Each structure stands twice: as C-alpha cells, then as structure tokens.
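For reference, the structure discussed in these notes is given below.
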Amino acid sequence: MTDIKSLTLAELETALCAMGQPKYRALQIFRWLHGAGVGFEGMTNLPKALRESLEGEYFIRDVQIETKQVSKIDGTVKYLYRLYDGEYIESVFMRYKHGNTVCISTQAGCRMGCRFCASTLRGLKRNLSASEMLSQIQAAERDTGEKVGGVVLMGMGEPLDNYGNVLRFLTLVSDKNGIGLSHRHISLSTCGLVDNIRRLAGEKLQITLSVSLHAPNDELRRSIMPIANRYTVDELLDACREYEDATGRRISFEYALISGVTDTPSLADELGRRLKGTLCHVNLIPVNEIKERRYKSATRAAADAFVRRLAEYGITATVRRRLGADISAACGQLRDEHDAYTKEEG
Ligand code: SF4
C-alpha cells in the first residue's frame, strides 16, 4: 500500500496511467487530497470502480487532534496531534497582522539533543512523511476555519535530518493545484547540519533558512548543542554564506537567550564580530523554561542590551514576541505533559 498524499502530481499521473485511467483523473484526485481532504469515498467526481481500486492500493494519511490549547491573550492555538501509529507531534497556529502561520513538526521526537529543547528529551521516534507535514496545515485550517498563509518548519524535529521527506513536502505544499504556498512564505529551521545546508543551497529554493546558532563560539555552542561537536561555527557560517549566495536569501539566525549563559555583553560583541558583513537577521529568543534543564530565560533588559550591542556591528536583531505565552508554548512541552498525564492515568 502507498501513501497517496505524499505523491507529486507527476507521480500520481504515472500511477493513474498504469491503472489504465486518463491523466486528468490524477489532477482530480490531487485536488481532493490537498483541498477538502476527503477519503476516497468522498471523491464524488470519480467513478465508483476507480474509488474502490484506489482503496485497495493506497491509503490517505491524516493527523487527529488529541488536545488543543487556545491562548486567551492572542488566539494562538497549540495542537497535539496523534499519528496513525500512536505517536504524538505538535503544531502551532499563530495569527499575525500579515496573516496566519503554522509551525509544523517534521519528526516525532528529535535526536539532536539541544540542551534548551523539550522535543529531544526522549530521542527520535521516527521521521514524518510529507503527507503528515501537509496534514498539520490542513487540520489547522479545518479546525480554525481560516487560511494559512505561511509555514515554519520549526516544530518538533530537525528538518534536515529528514531531508527527502521535507523536500517532497516543499514540492507538494507549493503546488498551485494543492495548498499553493509560495516558498517565500516558508521558513526552515535547522540546528546546523552543514552538509545538508549545502545540499539545500544546491536546490536553489526561495525558502528562508533559519539557523539555530545560539552561541558565537565552539566551546559554548558545544555545551548547549551536541551538533557543534560535528561542525564548527566557522563551517556552519561558511555553509550559510553558500546558501545566501545560491539563493539570494537573507539568513535568519536564531539565538536563544539563556540567563547568565548566552546573554552576556561580551557574547553579543563576539556574535557581532562573527556575523559582520553577512546578509542576515538575528532573532533573539527568550527561552521557555524547561524544568528538566534548569535554564532560565534572559530578562527583557538583557535582551534589549543584546540588540543594541549587535546594532553596533551593523547587525539587525529583534527579540521574538512570545505568542501563546499562557499555553505550553515551547515545542515538545505539550507532548511531554500529555505523556506524563497518560502515564499517571495508566
Ligand atoms: S531545537 Fe530543534 S534540532 Fe534541537 S533538539 Fe529541539 S527539535 Fe531537535
């Protein structure tokens, strides 16, 4: 059996032709799968015999809402989705002035081990298929009744550790016969898998690359991100410049402000010196506190001072607005709470 929603339109056409069907049937099916999201029985413009054949050869992946939390402050919705095999992932629907954005997961769990992140606490369970990434967008649109205009691959998982499926997702989500999102409205966040950043640069897509830097030197970076043992900051910044040259896109650097660890003035100077002259923007993220890690978020005053210091090196930086501050906002926390709850129940 094949995951039909993960097939591109061209692949679907080949498959339908092999079944002795005219090519236009593929487009009809593609529109159902990526639009209304109905089952085969709901594809009312297909002959019954074809619907039955499809049922025998393909399955349609979807995600089910297990729980959701709605912020009373700004309407942000955080979903815990259950997958077909009982795994759980998280997704966040955010309302901005310029439109709605969904932050999606690309893996169930994560094996990257970043010290400030709850998603990695129990390792990687499995990669998500392209259809499971698309389904997170569709489920949020169905539930809210609102259109999604932007996607960030910044939820649970390291997108470049699931390269093939993420690339397939990027092809599918931008197909004008389906969700039809421009790549310019998509951001991919990576902890810095240098080889795959280079590979992505070669694809020449117009997506924004968002790199979790979090420290300006190898020593500090290694203490909070195990990936820094594999690639140095120099190698990472070289790969980022390669991406920038290949795509013309400005890199977005993510920098978590952990009180007393990453938020000092001397680190701001070091970061400024390293990034000087790079086409980039720095997003400063006051970390969400994770009780297992004993990290505390930087104060607003420390964050503002960091911004001013970077400006002296010509680097623009903003402190990320915390959407959904009253709900389990950090990625991985909702799944963790759910697991703790079900364990207590059991
Ligand atoms: S920050 Fe991203 S890459 Fe790092 S552990 Fe969390 S999900 Fe994985």
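So you can find residues: chains in the structure tokens are A, B, ... in the order shown, residues in each start at 1, and ligands are numbered from 1 in order.
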Within 9 Å of segment 18-33 of chain A, counting only C-alpha atoms, which residues show up once you throw out same-chain ones fewer than 2 positions away? Write them as an MDAnalysis selection string, please. chainID A and resid 4:5 7:16 35:40 42:43 45:46 50 53 60 177:178
Using the selection just defined, write its residues with C-alpha atoms as a PDB file, in the first residue's frame.
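Output saved as part.pdb:
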```pdb
ATOM      1  CA  ILE A   4      -1.068   8.658  -1.872  1.00  0.00           C
ATOM      2  CA  LYS A   5      -0.923  12.164  -0.373  1.00  0.00           C
ATOM      3  CA  LEU A   7       2.896  11.569  -4.252  1.00  0.00           C
ATOM      4  CA  THR A   8       3.572  14.538  -6.523  1.00  0.00           C
ATOM      5  CA  LEU A   9       1.086  15.266  -9.293  1.00  0.00           C
ATOM      6  CA  ALA A  10       3.518  13.862 -11.879  1.00  0.00           C
ATOM      7  CA  GLU A  11       3.896  10.630  -9.872  1.00  0.00           C
ATOM      8  CA  LEU A  12       0.138  10.376  -9.492  1.00  0.00           C
ATOM      9  CA  GLU A  13      -0.320  10.793 -13.238  1.00  0.00           C
ATOM     10  CA  THR A  14       2.133   7.960 -13.905  1.00  0.00           C
ATOM     11  CA  ALA A  15       0.331   5.753 -11.382  1.00  0.00           C
ATOM     12  CA  LEU A  16      -3.115   6.514 -12.846  1.00  0.00           C
ATOM     13  CA  GLY A  35      -8.030  20.568  -0.729  1.00  0.00           C
ATOM     14  CA  ALA A  36     -11.044  19.234   1.104  1.00  0.00           C
ATOM     15  CA  GLY A  37      -9.021  16.343   2.477  1.00  0.00           C
ATOM     16  CA  VAL A  38     -11.816  13.784   1.989  1.00  0.00           C
ATOM     17  CA  GLY A  39     -11.444   9.985   1.945  1.00  0.00           C
ATOM     18  CA  PHE A  40     -11.672   8.030  -1.334  1.00  0.00           C
ATOM     19  CA  GLY A  42     -15.862  11.377  -0.764  1.00  0.00           C
ATOM     20  CA  MET A  43     -14.189  11.885  -4.175  1.00  0.00           C
ATOM     21  CA  ASN A  45     -16.327  13.058  -9.348  1.00  0.00           C
ATOM     22  CA  LEU A  46     -14.528   9.695  -9.668  1.00  0.00           C
ATOM     23  CA  LEU A  50     -11.858   3.692  -9.552  1.00  0.00           C
ATOM     24  CA  SER A  53      -9.323   0.337  -6.839  1.00  0.00           C
ATOM     25  CA  ILE A  60      -4.536   8.529   2.946  1.00  0.00           C
ATOM     26  CA  ASN A 177      -3.247  22.652  -7.619  1.00  0.00           C
ATOM     27  CA  GLY A 178      -2.975  21.977  -3.894  1.00  0.00           C
TER      28      GLY A 178
END
```
If you count only C-alpha atoms, which residues fall within 9 Å of segment 313-320 of chain A, apart from same-chain ones fewer than 2 positions away, as number ranges by chain? A: 269, 272-273, 275-286, 300, 303-304, 306-311, 322-323
Quick one: residues within 6 Å of segment 101-111 of chain A, only C-alpha atoms counted, chain neighbours fewer than 5 positions away excluded, as JSON, numbers by chain? {"A": [89, 91, 92, 93, 94, 119, 120, 123, 124, 125, 126, 127, 128, 148, 149, 150, 151, 152, 153, 154, 155, 156, 157, 159]}
For the selection you just gave me, I'd like the residues written to a file as a PDB file, in the first residue's frame, keeping C-alpha atoms.
```pdb
ATOM      1  CA  ILE A  89       3.557  15.597  17.436  1.00  0.00           C
ATOM      2  CA  SER A  91       1.893  22.138  15.786  1.00  0.00           C
ATOM      3  CA  VAL A  92       1.114  25.783  16.492  1.00  0.00           C
ATOM      4  CA  PHE A  93      -1.318  28.066  14.631  1.00  0.00           C
ATOM      5  CA  MET A  94      -0.321  31.717  15.011  1.00  0.00           C
ATOM      6  CA  SER A 119      11.376  17.862  21.947  1.00  0.00           C
ATOM      7  CA  THR A 120      14.561  15.869  22.274  1.00  0.00           C
ATOM      8  CA  GLY A 123      15.045  10.964  21.467  1.00  0.00           C
ATOM      9  CA  LEU A 124      13.796  10.405  17.933  1.00  0.00           C
ATOM     10  CA  LYS A 125      10.790   8.145  17.421  1.00  0.00           C
ATOM     11  CA  ARG A 126      10.549   8.427  13.647  1.00  0.00           C
ATOM     12  CA  ASN A 127      10.558  10.692  10.605  1.00  0.00           C
ATOM     13  CA  LEU A 128       7.269  12.172   9.413  1.00  0.00           C
ATOM     14  CA  VAL A 148      -2.822  29.524   6.386  1.00  0.00           C
ATOM     15  CA  GLY A 149      -0.530  31.946   4.532  1.00  0.00           C
ATOM     16  CA  GLY A 150       2.856  30.888   5.897  1.00  0.00           C
ATOM     17  CA  VAL A 151       4.585  27.805   7.259  1.00  0.00           C
ATOM     18  CA  VAL A 152       7.595  27.462   9.502  1.00  0.00           C
ATOM     19  CA  LEU A 153       9.339  24.103   9.853  1.00  0.00           C
ATOM     20  CA  MET A 154      10.316  24.840  13.381  1.00  0.00           C
ATOM     21  CA  GLY A 155       8.268  22.410  15.465  1.00  0.00           C
ATOM     22  CA  MET A 156       9.397  19.066  16.758  1.00  0.00           C
ATOM     23  CA  GLY A 157      12.342  17.531  14.869  1.00  0.00           C
ATOM     24  CA  PRO A 159      14.002  19.116   9.164  1.00  0.00           C
TER      25      PRO A 159
END
```
Can you list, as a PyMOL selection string, every protein, DNA or RNA residue that comes within 12 Å of segment 215-228 of chain A when you count only C-alpha atoms, leaving out same-chain residues fewer than 2 positions away? chain A and resi 111-117+120+158+161+190-194+211-213+230-237+253-258+261-264+266-275+282+284+293+295
Determine, counting only C-alpha atoms, which protein, DNA and RNA residues have an atom within 7 Å of an atom of Tyr79 of chain A; residues of the same chain fewer than 6 positions away are not included. Present the result as a list of chain:residue names. A:Ile65, A:Thr67, A:Lys68, A:Gln69, A:Glu90, A:Ser91, A:Val92
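For the residues A:Asn229, A:Ser210, A:Ser189, A:Thr247, ranking by smallest atom-to-atom distance to ligand 1 using only C-alpha atoms and all ligand atoms places A:Ser189 first.
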Run DSSP on the backbone and grab whatever in segment 45-265 of chain A lands in strand (DSSP E or B); send it over as a ChimeraX atom specification. /A:58-59,64-70,77-82,88-96,99-104,107-109,124-127,150-153,186-190,208-212,251-258
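As for atom CA of Leu172 of chain A and atom CA of Glu55 of chain A, they are spaced 21.6 Å apart.
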Determine which residues of segment 121-346 of chain A receive a DSSP assignment of helix (DSSP H, G or I), computed from the backbone, and state them as a PyMOL selection string. chain A and resi 130-144+159-173+183-185+194-203+218-224+226-229+233-247+265-275+300-311+333-345
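Take the candidates A:His214, A:Arg61, A:Lys97, A:Arg168 and check each one against ligand 1 using only C-alpha atoms and all ligand atoms; the shortest distance goes to A:His214.
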So the first atom is atom CA of Gly75 of chain A and the second is atom CA of Arg95 of chain A; what is the distance between them in Å, to one decimal place? 7.0 Å
Of the candidates A:Asn162, A:Ser71, A:Thr76, A:Gln136, which one gets nearest to ligand 1 if we count only C-alpha atoms and all ligand atoms? A:Asn162
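Among the candidates A:Tyr88, A:Thr2, A:Arg142, A:Leu121, the one nearest to ligand 1 when counting only C-alpha atoms and all ligand atoms is A:Leu121.
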Leaving out Tyr243 of chain A and any residue of its chain fewer than 3 positions from it, which residues lie within 12 Å of it when counting only C-alpha atoms, given as a PyMOL selection string? chain A and resi 194-211+236-240+246-252+278-280
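One distance worth recording is that between atom CA of Leu83 of chain A and atom CA of Asp143 of chain A, which is 16.7 Å.
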Counting only C-alpha atoms, which residue out of A:Leu134, A:Tyr81, A:Cys17, A:Lys147 sits closest to Thr171 of chain A?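 Among A:Leu134, A:Tyr81, A:Cys17, A:Lys147, it is A:Leu134 that comes nearest to Thr171 of chain A.
Comparing the minimum interatomic distances between ligand 1 and each of A:Gln138, A:Met133, A:Val166, A:Leu188, counting only C-alpha atoms and all ligand atoms, we find that A:Leu188 sits nearest.
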